[in-house]
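Engineer: Pasting final_19.pdb below, which is PDB, C-alpha atoms, pLDDT in the B column.
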ATOM      1  CA  MET A  90     163.739 -10.187 -55.141  1.00 90.00           C
ATOM      2  CA  GLY A  91     162.067  -6.926 -56.103  1.00 90.00           C
ATOM      3  CA  GLY A  92     159.193  -7.723 -58.458  1.00 90.00           C
ATOM      4  CA  VAL A  93     159.631 -11.477 -57.975  1.00 95.00           C
ATOM      5  CA  LEU A  94     159.280 -12.090 -54.234  1.00 96.00           C
ATOM      6  CA  PHE A  95     158.559  -8.622 -52.836  1.00 96.00           C
ATOM      7  CA  ALA A  96     156.677  -5.632 -54.216  1.00 92.00           C
ATOM      8  CA  ARG A  97     154.578  -2.627 -53.314  1.00 89.00           C
ATOM      9  CA  ASP A  98     150.830  -3.121 -53.532  1.00 85.00           C
ATOM     10  CA  LYS A  99     149.902  -0.410 -56.034  1.00 84.00           C
ATOM     11  CA  ARG A 100     146.425  -0.235 -54.533  1.00 87.00           C
ATOM     12  CA  LYS A 101     148.055   1.234 -51.420  1.00 87.00           C
ATOM     13  CA  CYS A 102     149.866   3.939 -53.386  1.00 91.00           C
ATOM     14  CA  THR A 103     148.820   7.268 -54.792  1.00 92.00           C
ATOM     15  CA  GLN A 104     149.480   7.960 -58.462  1.00 92.00           C
ATOM     16  CA  GLU A 105     151.972  10.618 -57.390  1.00 93.00           C
ATOM     17  CA  PHE A 106     153.892   8.008 -55.408  1.00 93.00           C
ATOM     18  CA  ILE A 107     153.854   5.538 -58.328  1.00 91.00           C
ATOM     19  CA  ASP A 108     155.055   8.227 -60.753  1.00 91.00           C
ATOM     20  CA  PHE A 109     157.795   9.282 -58.336  1.00 92.00           C
ATOM     21  CA  PHE A 110     159.341   5.798 -58.555  1.00 90.00           C
ATOM     22  CA  SER A 111     158.699   5.151 -62.255  1.00 88.00           C
ATOM     23  CA  PHE A 112     162.468   5.165 -62.906  1.00 87.00           C
ATOM     24  CA  ILE A 113     162.741   1.756 -61.185  1.00 83.00           C
ATOM     25  CA  ARG A 114     161.286   0.022 -64.257  1.00 79.00           C
ATOM     26  CA  GLN A 115     163.634   1.717 -66.713  1.00 80.00           C
ATOM     27  CA  ASN A 116     166.016  -0.470 -68.632  1.00 81.00           C
ATOM     28  CA  PRO A 117     168.765   0.213 -67.953  1.00 85.00           C
ATOM     29  CA  MET A 118     168.079   1.433 -64.457  1.00 88.00           C
ATOM     30  CA  PRO A 119     169.464   4.924 -63.744  1.00 93.00           C
ATOM     31  CA  ASP A 120     173.100   4.976 -62.652  1.00 95.00           C
ATOM     32  CA  PHE A 121     172.396   6.594 -59.275  1.00 95.00           C
ATOM     33  CA  TRP A 122     170.066   3.734 -58.275  1.00 96.00           C
ATOM     34  CA  VAL A 123     172.545   1.123 -59.496  1.00 96.00           C
ATOM     35  CA  GLU A 124     175.208   2.745 -57.329  1.00 97.00           C
ATOM     36  CA  TYR A 125     172.789   2.803 -54.380  1.00 97.00           C
ATOM     37  CA  ASP A 126     172.196  -0.940 -54.855  1.00 97.00           C
ATOM     38  CA  ARG A 127     175.963  -1.411 -55.168  1.00 97.00           C
ATOM     39  CA  GLY A 128     176.400   0.161 -51.740  1.00 97.00           C
ATOM     40  CA  VAL A 129     178.386   3.105 -53.078  1.00 97.00           C
ATOM     41  CA  LEU A 130     175.772   5.844 -52.640  1.00 97.00           C
ATOM     42  CA  SER A 131     174.088   6.445 -49.294  1.00 97.00           C
ATOM     43  CA  LEU A 132     170.392   6.912 -48.660  1.00 97.00           C
ATOM     44  CA  ASP A 133     171.083  10.620 -48.004  1.00 97.00           C
ATOM     45  CA  GLU A 134     172.810  10.999 -51.372  1.00 97.00           C
ATOM     46  CA  VAL A 135     169.980   9.195 -53.169  1.00 97.00           C
ATOM     47  CA  THR A 136     167.448  11.375 -51.357  1.00 97.00           C
ATOM     48  CA  ASP A 137     169.194  14.491 -52.681  1.00 97.00           C
ATOM     49  CA  ILE A 138     169.336  13.123 -56.230  1.00 96.00           C
ATOM     50  CA  LEU A 139     165.666  12.090 -56.226  1.00 95.00           C
ATOM     51  CA  ALA A 140     164.536  15.415 -54.749  1.00 96.00           C
ATOM     52  CA  GLU A 141     166.287  17.265 -57.543  1.00 95.00           C
ATOM     53  CA  MET A 142     165.160  14.833 -60.226  1.00 92.00           C
ATOM     54  CA  ASN A 143     161.509  15.014 -59.146  1.00 92.00           C
ATOM     55  CA  HIS A 144     161.553  18.723 -58.234  1.00 94.00           C
ATOM     56  CA  THR A 145     160.294  17.962 -54.738  1.00 95.00           C
ATOM     57  CA  SER A 146     161.458  18.888 -51.278  1.00 97.00           C
ATOM     58  CA  ARG A 147     164.047  16.780 -49.536  1.00 97.00           C
ATOM     59  CA  GLU A 148     161.550  16.070 -46.734  1.00 97.00           C
ATOM     60  CA  LYS A 149     158.902  14.756 -49.128  1.00 96.00           C
ATOM     61  CA  THR A 150     161.499  12.705 -50.968  1.00 96.00           C
ATOM     62  CA  ALA A 151     162.774  11.183 -47.721  1.00 97.00           C
ATOM     63  CA  ALA A 152     159.203  10.348 -46.696  1.00 96.00           C
ATOM     64  CA  PHE A 153     158.508   8.704 -50.066  1.00 96.00           C
ATOM     65  CA  LEU A 154     161.704   6.648 -49.816  1.00 96.00           C
ATOM     66  CA  ARG A 155     160.850   5.494 -46.299  1.00 95.00           C
ATOM     67  CA  ARG A 156     157.333   4.592 -47.409  1.00 95.00           C
ATOM     68  CA  SER A 157     158.679   2.701 -50.432  1.00 94.00           C
ATOM     69  CA  ILE A 158     160.569   0.478 -48.018  1.00 94.00           C
ATOM     70  CA  ASP A 159     157.836   0.152 -45.399  1.00 94.00           C
ATOM     71  CA  ILE A 160     155.123  -0.976 -47.821  1.00 94.00           C
ATOM     72  CA  GLN A 161     157.127  -3.787 -49.385  1.00 95.00           C
ATOM     73  CA  GLU A 162     155.359  -7.090 -48.877  1.00 96.00           C
ATOM     74  CA  PRO A 163     155.744 -10.649 -50.106  1.00 97.00           C
ATOM     75  CA  ILE A 164     154.083 -11.535 -53.378  1.00 96.00           C
ATOM     76  CA  ARG A 165     151.700 -14.298 -52.308  1.00 96.00           C
ATOM     77  CA  PRO A 166     152.079 -16.684 -55.291  1.00 97.00           C
ATOM     78  CA  THR A 167     155.878 -16.511 -55.073  1.00 97.00           C
ATOM     79  CA  GLU A 168     155.885 -16.834 -51.293  1.00 98.00           C
ATOM     80  CA  GLN A 169     153.777 -19.988 -51.619  1.00 98.00           C
ATOM     81  CA  LEU A 170     156.035 -21.409 -54.336  1.00 98.00           C
ATOM     82  CA  ILE A 171     159.134 -20.809 -52.209  1.00 98.00           C
ATOM     83  CA  GLY A 172     157.551 -22.745 -49.367  1.00 98.00           C
ATOM     84  CA  GLU A 173     156.715 -25.623 -51.704  1.00 98.00           C
ATOM     85  CA  LEU A 174     160.227 -25.683 -53.182  1.00 98.00           C
ATOM     86  CA  LYS A 175     161.800 -25.688 -49.734  1.00 98.00           C
ATOM     87  CA  GLN A 176     159.492 -28.494 -48.605  1.00 98.00           C
ATOM     88  CA  ALA A 177     160.478 -30.474 -51.728  1.00 98.00           C
ATOM     89  CA  GLY A 178     164.122 -30.265 -50.649  1.00 98.00           C
ATOM     90  CA  TYR A 179     165.469 -27.570 -52.952  1.00 98.00           C
ATOM     91  CA  ARG A 180     168.310 -25.372 -51.751  1.00 98.00           C
ATOM     92  CA  LEU A 181     167.240 -21.782 -52.258  1.00 98.00           C
ATOM     93  CA  TYR A 182     169.402 -18.666 -52.454  1.00 98.00           C
ATOM     94  CA  VAL A 183     168.851 -14.949 -52.867  1.00 98.00           C
ATOM     95  CA  LEU A 184     170.874 -13.108 -55.500  1.00 98.00           C
ATOM     96  CA  SER A 185     169.656  -9.548 -55.426  1.00 97.00           C
ATOM     97  CA  ASN A 186     170.445  -5.992 -56.351  1.00 97.00           C
ATOM     98  CA  MET A 187     169.306  -4.293 -53.187  1.00 96.00           C
ATOM     99  CA  SER A 188     170.309  -1.347 -51.029  1.00 96.00           C
ATOM    100  CA  ARG A 189     171.097  -1.656 -47.327  1.00 97.00           C
ATOM    101  CA  GLU A 190     167.810  -0.109 -46.159  1.00 96.00           C
ATOM    102  CA  PHE A 191     165.662  -2.342 -48.354  1.00 95.00           C
ATOM    103  CA  ILE A 192     167.459  -5.615 -47.604  1.00 97.00           C
ATOM    104  CA  ASP A 193     167.463  -4.950 -43.847  1.00 97.00           C
ATOM    105  CA  PHE A 194     163.685  -4.553 -43.992  1.00 96.00           C
ATOM    106  CA  LEU A 195     163.035  -7.585 -46.232  1.00 97.00           C
ATOM    107  CA  ARG A 196     165.154  -9.931 -44.136  1.00 97.00           C
ATOM    108  CA  LYS A 197     162.574  -9.559 -41.333  1.00 97.00           C
ATOM    109  CA  PHE A 198     159.859 -11.409 -43.279  1.00 97.00           C
ATOM    110  CA  PRO A 199     159.383 -15.111 -42.432  1.00 97.00           C
ATOM    111  CA  VAL A 200     159.734 -16.150 -46.097  1.00 98.00           C
ATOM    112  CA  TYR A 201     163.312 -14.846 -46.093  1.00 98.00           C
ATOM    113  CA  SER A 202     164.265 -17.472 -43.503  1.00 97.00           C
ATOM    114  CA  LEU A 203     163.474 -20.193 -46.071  1.00 98.00           C
ATOM    115  CA  PHE A 204     166.590 -19.262 -48.049  1.00 98.00           C
ATOM    116  CA  ASP A 205     169.814 -21.144 -47.437  1.00 98.00           C
ATOM    117  CA  GLY A 206     171.929 -18.067 -48.073  1.00 98.00           C
ATOM    118  CA  ASP A 207     172.131 -14.811 -49.933  1.00 98.00           C
ATOM    119  CA  VAL A 208     174.351 -12.607 -52.025  1.00 98.00           C
ATOM    120  CA  VAL A 209     173.206  -8.993 -51.938  1.00 98.00           C
ATOM    121  CA  SER A 210     174.721  -6.272 -54.095  1.00 98.00           C
ATOM    122  CA  CYS A 211     175.129  -3.620 -51.382  1.00 98.00           C
ATOM    123  CA  GLU A 212     177.229  -6.063 -49.348  1.00 98.00           C
ATOM    124  CA  GLU A 213     179.346  -7.268 -52.270  1.00 98.00           C
ATOM    125  CA  HIS A 214     179.724  -3.950 -54.151  1.00 98.00           C
ATOM    126  CA  THR A 215     178.801  -5.571 -57.437  1.00 98.00           C
ATOM    127  CA  VAL A 216     175.428  -5.720 -59.174  1.00 98.00           C
ATOM    128  CA  LYS A 217     173.569  -7.883 -61.649  1.00 97.00           C
ATOM    129  CA  PRO A 218     174.199  -8.323 -64.528  1.00 97.00           C
ATOM    130  CA  GLU A 219     177.929  -8.021 -63.741  1.00 98.00           C
ATOM    131  CA  PRO A 220     179.506 -11.503 -63.856  1.00 98.00           C
ATOM    132  CA  ARG A 221     181.227 -11.052 -60.485  1.00 98.00           C
ATOM    133  CA  ILE A 222     178.015 -11.217 -58.436  1.00 98.00           C
ATOM    134  CA  PHE A 223     177.100 -14.543 -60.076  1.00 98.00           C
ATOM    135  CA  GLU A 224     180.618 -15.856 -59.435  1.00 98.00           C
ATOM    136  CA  ILE A 225     180.314 -14.941 -55.742  1.00 98.00           C
ATOM    137  CA  LEU A 226     177.033 -16.875 -55.490  1.00 98.00           C
ATOM    138  CA  LEU A 227     178.427 -19.966 -57.191  1.00 98.00           C
ATOM    139  CA  GLN A 228     181.667 -19.969 -55.188  1.00 98.00           C
ATOM    140  CA  ARG A 229     180.219 -19.110 -51.788  1.00 98.00           C
ATOM    141  CA  PHE A 230     177.635 -21.874 -51.860  1.00 98.00           C
ATOM    142  CA  GLY A 231     179.497 -24.431 -53.981  1.00 98.00           C
ATOM    143  CA  LEU A 232     176.889 -24.364 -56.737  1.00 98.00           C
ATOM    144  CA  GLU A 233     177.359 -26.104 -60.074  1.00 98.00           C
ATOM    145  CA  PRO A 234     176.115 -23.750 -62.823  1.00 98.00           C
ATOM    146  CA  SER A 235     174.472 -26.553 -64.802  1.00 98.00           C
ATOM    147  CA  GLN A 236     172.535 -27.582 -61.672  1.00 97.00           C
ATOM    148  CA  THR A 237     171.425 -24.058 -60.821  1.00 98.00           C
ATOM    149  CA  LEU A 238     168.310 -22.169 -61.898  1.00 98.00           C
ATOM    150  CA  PHE A 239     168.362 -18.377 -61.764  1.00 98.00           C
ATOM    151  CA  ILE A 240     164.997 -16.582 -61.699  1.00 98.00           C
ATOM    152  CA  ASP A 241     164.774 -12.861 -62.431  1.00 97.00           C
ATOM    153  CA  ASP A 242     162.353 -10.333 -63.862  1.00 94.00           C
ATOM    154  CA  ARG A 243     165.039  -8.580 -65.930  1.00 94.00           C
ATOM    155  CA  VAL A 244     166.076 -10.203 -69.198  1.00 95.00           C
ATOM    156  CA  ASP A 245     169.646  -8.826 -69.056  1.00 95.00           C
ATOM    157  CA  ASN A 246     170.226 -10.555 -65.719  1.00 97.00           C
ATOM    158  CA  VAL A 247     168.854 -13.861 -67.023  1.00 98.00           C
ATOM    159  CA  ARG A 248     171.035 -13.626 -70.144  1.00 98.00           C
ATOM    160  CA  MET A 249     174.159 -13.067 -68.052  1.00 98.00           C
ATOM    161  CA  ALA A 250     173.353 -16.100 -65.896  1.00 98.00           C
ATOM    162  CA  GLU A 251     172.810 -18.214 -68.998  1.00 98.00           C
ATOM    163  CA  SER A 252     176.107 -17.011 -70.504  1.00 98.00           C
ATOM    164  CA  MET A 253     177.783 -18.457 -67.386  1.00 98.00           C
ATOM    165  CA  GLY A 254     176.131 -21.870 -67.834  1.00 98.00           C
ATOM    166  CA  ILE A 255     173.339 -21.251 -65.316  1.00 98.00           C
ATOM    167  CA  HIS A 256     169.794 -22.096 -66.351  1.00 98.00           C
ATOM    168  CA  GLY A 257     167.615 -18.995 -66.518  1.00 98.00           C
ATOM    169  CA  PHE A 258     163.953 -18.201 -66.112  1.00 98.00           C
ATOM    170  CA  ASN A 259     162.543 -14.775 -66.944  1.00 97.00           C
ATOM    171  CA  PHE A 260     159.865 -14.080 -64.322  1.00 97.00           C
ATOM    172  CA  ASP A 261     156.953 -12.033 -65.666  1.00 96.00           C
ATOM    173  CA  ASP A 262     156.146  -9.504 -62.967  1.00 90.00           C
ATOM    174  CA  ALA A 263     153.016  -8.513 -64.903  1.00 91.00           C
ATOM    175  CA  ASP A 264     151.639 -12.054 -64.474  1.00 96.00           C
ATOM    176  CA  ARG A 265     153.265 -13.436 -61.345  1.00 96.00           C
ATOM    177  CA  GLN A 266     150.800 -16.280 -60.923  1.00 97.00           C
ATOM    178  CA  LYS A 267     151.538 -17.547 -64.437  1.00 98.00           C
ATOM    179  CA  SER A 268     155.291 -17.461 -63.794  1.00 97.00           C
ATOM    180  CA  CYS A 269     154.857 -19.312 -60.504  1.00 98.00           C
ATOM    181  CA  ASP A 270     152.664 -21.915 -62.185  1.00 98.00           C
ATOM    182  CA  GLU A 271     155.304 -22.438 -64.914  1.00 98.00           C
ATOM    183  CA  LEU A 272     158.033 -22.833 -62.305  1.00 98.00           C
ATOM    184  CA  ARG A 273     155.867 -25.247 -60.337  1.00 97.00           C
ATOM    185  CA  ARG A 274     155.387 -27.416 -63.453  1.00 97.00           C
ATOM    186  CA  MET A 275     159.140 -27.323 -64.126  1.00 96.00           C
ATOM    187  CA  LEU A 276     160.327 -28.087 -60.619  1.00 97.00           C
ATOM    188  CA  LEU A 277     157.663 -29.947 -58.660  1.00 96.00           C
TER     189      LEU A 277
END
Render the structure in this file as structure tokens.
Structural biologist:
Amino acid sequence: MGGVLFARDKRKCTQEFIDFFSFIRQNPMPDFWVEYDRGVLSLDEVTDILAEMNHTSREKTAAFLRRSIDIQEPIRPTEQLIGELKQAGYRLYVLSNMSREFIDFLRKFPVYSLFDGDVVSCEEHTVKPEPRIFEILLQRFGLEPSQTLFIDDRVDNVRMAESMGIHGFNFDDADRQKSCDELRRMLL
């Protein structure tokens, strides 16, 4: 979901704030954030790690983390595409690496209600690209891999889905409109 359906509007962020969270785009993502998404590390533990990593106070780090959640918003082209896919009769599911605090916030947006179900890493204690999280999705919702399309902005996650017989689409978060247009041509 992050980078595909929801993101921070960089125009609403200071450069300091953007730099503070630059680790999110690393490949691979740092272990502490993976474990936070897995539901193993708490927000307090992540706050301590980030404060030390960024040489900032715990208070400033906690404020930045809270702000990083609060300024998440739907990506308009993707939000529109989801509505069109739902209207066309597609079953839609979330498969996301996401921490408890982030997913609780994102579930409040109206677009989230368009999904038929979700599998979220912090609730399952497994993360993409581990095969288990894909297996949970397929089993829980009775999905046939060959009839399923997985969309993600990380190539490793798409490759894992494809290795399991699921069709994959690598979403370009640098050109979201182009990715949405390609998906629209494929599916509608």
Engineer: Between A:Asn186, A:Ser252, A:Asn259, A:Ser202, which is the closest to A:Gly91 once you count only C-alpha atoms?
Structural biologist: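 Among the listed residues, the smallest separation from A:Gly91 belongs to A:Asn186.
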Engineer: Got a sec to resolve the PyMOL selection byres ((chain A and resi 118-132) around 7) on this structure and send the residues as a PDB file with C-alpha atoms, keeping the file's coordinate frame?
Structural biologist:
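Result written to selection.pdb:
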ATOM      1  CA  PHE A 112     162.468   5.165 -62.906  1.00 87.00           C
ATOM      2  CA  ILE A 113     162.741   1.756 -61.185  1.00 83.00           C
ATOM      3  CA  ARG A 114     161.286   0.022 -64.257  1.00 79.00           C
ATOM      4  CA  GLN A 115     163.634   1.717 -66.713  1.00 80.00           C
ATOM      5  CA  ASN A 116     166.016  -0.470 -68.632  1.00 81.00           C
ATOM      6  CA  PRO A 117     168.765   0.213 -67.953  1.00 85.00           C
ATOM      7  CA  ASP A 133     171.083  10.620 -48.004  1.00 97.00           C
ATOM      8  CA  GLU A 134     172.810  10.999 -51.372  1.00 97.00           C
ATOM      9  CA  VAL A 135     169.980   9.195 -53.169  1.00 97.00           C
ATOM     10  CA  THR A 136     167.448  11.375 -51.357  1.00 97.00           C
ATOM     11  CA  ASN A 186     170.445  -5.992 -56.351  1.00 97.00           C
ATOM     12  CA  MET A 187     169.306  -4.293 -53.187  1.00 96.00           C
ATOM     13  CA  SER A 188     170.309  -1.347 -51.029  1.00 96.00           C
ATOM     14  CA  SER A 210     174.721  -6.272 -54.095  1.00 98.00           C
ATOM     15  CA  CYS A 211     175.129  -3.620 -51.382  1.00 98.00           C
ATOM     16  CA  GLU A 212     177.229  -6.063 -49.348  1.00 98.00           C
ATOM     17  CA  HIS A 214     179.724  -3.950 -54.151  1.00 98.00           C
ATOM     18  CA  THR A 215     178.801  -5.571 -57.437  1.00 98.00           C
ATOM     19  CA  VAL A 216     175.428  -5.720 -59.174  1.00 98.00           C
TER      20      VAL A 216
END
Engineer: I'd like the contact shell of A:Lys175 - 8 Å cut-off, only C-alpha atoms, skipping same-chain residues fewer than 5 positions apart - returned as a list in words.
Structural biologist: Arg180, Leu181 and Leu203 of chain A
Engineer: Output the residue selection produced by the PyMOL selection byres ((chain A and resi 147-161) around 12) on the file above, formatted as number ranges by chain.
Structural biologist: A: 90-103, 105-110, 113, 132-146, 162-164, 187-198
Engineer: Work out how far apart atom CA of A:Gln169 and atom CA of A:Gly206 are and give it in Å to one decimal.
Structural biologist: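 Atom CA of A:Gly206 lies 18.6 Å from atom CA of A:Gln169.
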Engineer: What are the closest atom pairs, with distances in Å to one decimal, for all residues of stretch 133-200 of chain A lying within 12 Å of stretch 237-247 of chain A? Consider all atoms listed in the file, order rows by chain and residue number, and present the result as a Markdown table.
Structural biologist:
| residue | atom | partner | partner_atom | distance |
| --- | --- | --- | --- | --- |
| A:Thr167 | CA | A:Ile240 | CA | 11.3 |
| A:Ile171 | CA | A:Ile240 | CA | 11.9 |
| A:Tyr179 | CA | A:Thr237 | CA | 10.5 |
| A:Arg180 | CA | A:Thr237 | CA | 9.7 |
| A:Leu181 | CA | A:Leu238 | CA | 9.7 |
| A:Tyr182 | CA | A:Phe239 | CA | 9.4 |
| A:Val183 | CA | A:Phe239 | CA | 9.5 |
| A:Leu184 | CA | A:Phe239 | CA | 8.6 |
| A:Ser185 | CA | A:Asp241 | CA | 9.2 |
| A:Asn186 | CA | A:Asn246 | CA | 10.4 |
Engineer: Mind giving me the straight-line distance from atom CA of A:Phe230 to atom CA of A:Ala250 in Å, one decimal?
Structural biologist: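 Calculated distance between atom CA of A:Phe230 and atom CA of A:Ala250 is 15.8 Å.
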Engineer: Just how far from atom CA of A:Gly231 is atom CA of A:Met253, in Å to one decimal?
Structural biologist: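 Separation between atom CA of A:Met253 and atom CA of A:Gly231: 14.8 Å.
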Engineer: Point out the residue among A:Leu170, A:Val208, A:Leu276, A:Val200 with the least atom-to-atom distance to A:Glu224, counting only C-alpha atoms.
Structural biologist: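 Under the stated criterion, the closest residue is A:Val208.
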Engineer: Out of A:Lys217, A:Lys267, A:Arg229, A:Arg273, which residue has the shortest atom-to-atom distance to A:Arg248 when counting all atoms listed in the file?
Structural biologist: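 Of A:Lys217, A:Lys267, A:Arg229, A:Arg273, the one nearest A:Arg248 is A:Lys217, counting all atoms listed in the file.
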Engineer: Counting all atoms listed in the file, figure out which residue out of A:Pro166, A:Ser111, A:Ala177, A:Gln104 gets nearest to A:Asp262.
Structural biologist: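 Using all atoms listed in the file, A:Asp262 sits closest to A:Pro166.
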Engineer: Return the single residue from A:Phe204, A:Pro218, A:Met275, A:Glu251 that is closest to A:Gly178, with distances computed using all atoms listed in the file.
Structural biologist: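 For A:Gly178, the nearest of the candidates is A:Phe204.
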Engineer: With only C-alpha atoms as the basis for distance, which of A:Ile225, A:Leu277, A:Ile255, A:Leu272 is at the shortest distance from A:Glu213?
Structural biologist: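 So, comparing all the options, the nearest one is A:Ile225.
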Engineer: What are the centre and edge lengths in Å, to one decimal, of the axis-aligned box around all listed atoms of stretch 163-168 of chain A with 5 Å added on each side, as AutoDock Vina command-line options?
Structural biologist:
--center_x 153.8 --center_y -13.7 --center_z -52.7 --size_x 14.2 --size_y 16.2 --size_z 15.2
Engineer: Would you mind putting all heavy atoms back on stretch 208-216 of chain A and writing the result as a short mmCIF file (atom, residue, chain, number, x, y, z; two decimals), in the frame of the given file?
Structural biologist:
data_model
loop_
_atom_site.label_atom_id
_atom_site.label_comp_id
_atom_site.auth_asym_id
_atom_site.auth_seq_id
_atom_site.Cartn_x
_atom_site.Cartn_y
_atom_site.Cartn_z
N VAL A 208 173.31 -13.49 -51.51
CA VAL A 208 174.35 -12.61 -52.02
C VAL A 208 173.61 -11.34 -52.43
O VAL A 208 172.75 -11.37 -53.31
CB VAL A 208 175.10 -13.22 -53.23
CG1 VAL A 208 176.04 -12.22 -53.86
CG2 VAL A 208 175.85 -14.47 -52.81
N VAL A 209 173.92 -10.25 -51.74
CA VAL A 209 173.21 -8.99 -51.94
C VAL A 209 174.20 -7.92 -52.40
O VAL A 209 175.27 -7.76 -51.80
CB VAL A 209 172.47 -8.57 -50.65
CG1 VAL A 209 171.70 -7.28 -50.85
CG2 VAL A 209 171.54 -9.69 -50.17
N SER A 210 173.82 -7.21 -53.42
CA SER A 210 174.72 -6.27 -54.10
C SER A 210 175.35 -5.24 -53.16
O SER A 210 176.54 -4.96 -53.27
CB SER A 210 173.98 -5.57 -55.23
OG SER A 210 172.89 -4.81 -54.72
N CYS A 211 174.57 -4.67 -52.24
CA CYS A 211 175.13 -3.62 -51.38
C CYS A 211 176.23 -4.16 -50.46
O CYS A 211 177.08 -3.40 -50.00
CB CYS A 211 174.03 -2.94 -50.57
SG CYS A 211 173.26 -3.98 -49.31
N GLU A 212 176.22 -5.45 -50.21
CA GLU A 212 177.23 -6.06 -49.35
C GLU A 212 178.44 -6.54 -50.13
O GLU A 212 179.51 -6.75 -49.56
CB GLU A 212 176.60 -7.22 -48.58
CG GLU A 212 175.50 -6.76 -47.65
CD GLU A 212 174.67 -7.87 -47.05
OE1 GLU A 212 174.73 -9.02 -47.53
OE2 GLU A 212 173.92 -7.57 -46.10
N GLU A 213 178.27 -6.74 -51.42
CA GLU A 213 179.35 -7.27 -52.27
C GLU A 213 179.96 -6.20 -53.17
O GLU A 213 180.99 -6.44 -53.79
CB GLU A 213 178.82 -8.42 -53.14
CG GLU A 213 178.15 -9.54 -52.35
CD GLU A 213 179.06 -10.22 -51.34
OE1 GLU A 213 180.31 -10.21 -51.52
OE2 GLU A 213 178.52 -10.77 -50.35
N HIS A 214 179.28 -5.07 -53.31
CA HIS A 214 179.72 -3.95 -54.15
C HIS A 214 179.84 -4.33 -55.62
O HIS A 214 180.72 -3.86 -56.34
CB HIS A 214 181.02 -3.34 -53.62
CG HIS A 214 180.92 -2.96 -52.17
ND1 HIS A 214 180.07 -1.97 -51.72
CD2 HIS A 214 181.52 -3.47 -51.07
CE1 HIS A 214 180.17 -1.88 -50.41
NE2 HIS A 214 181.03 -2.79 -49.98
N THR A 215 178.95 -5.20 -56.03
CA THR A 215 178.80 -5.57 -57.44
C THR A 215 177.32 -5.85 -57.66
O THR A 215 176.62 -6.23 -56.73
CB THR A 215 179.68 -6.79 -57.81
OG1 THR A 215 179.52 -7.09 -59.19
CG2 THR A 215 179.35 -8.01 -56.99
N VAL A 216 176.86 -5.60 -58.88
CA VAL A 216 175.43 -5.72 -59.17
C VAL A 216 175.20 -6.61 -60.39
O VAL A 216 176.08 -6.77 -61.23
CB VAL A 216 174.79 -4.33 -59.44
CG1 VAL A 216 174.82 -3.45 -58.20
CG2 VAL A 216 175.46 -3.63 -60.61
#
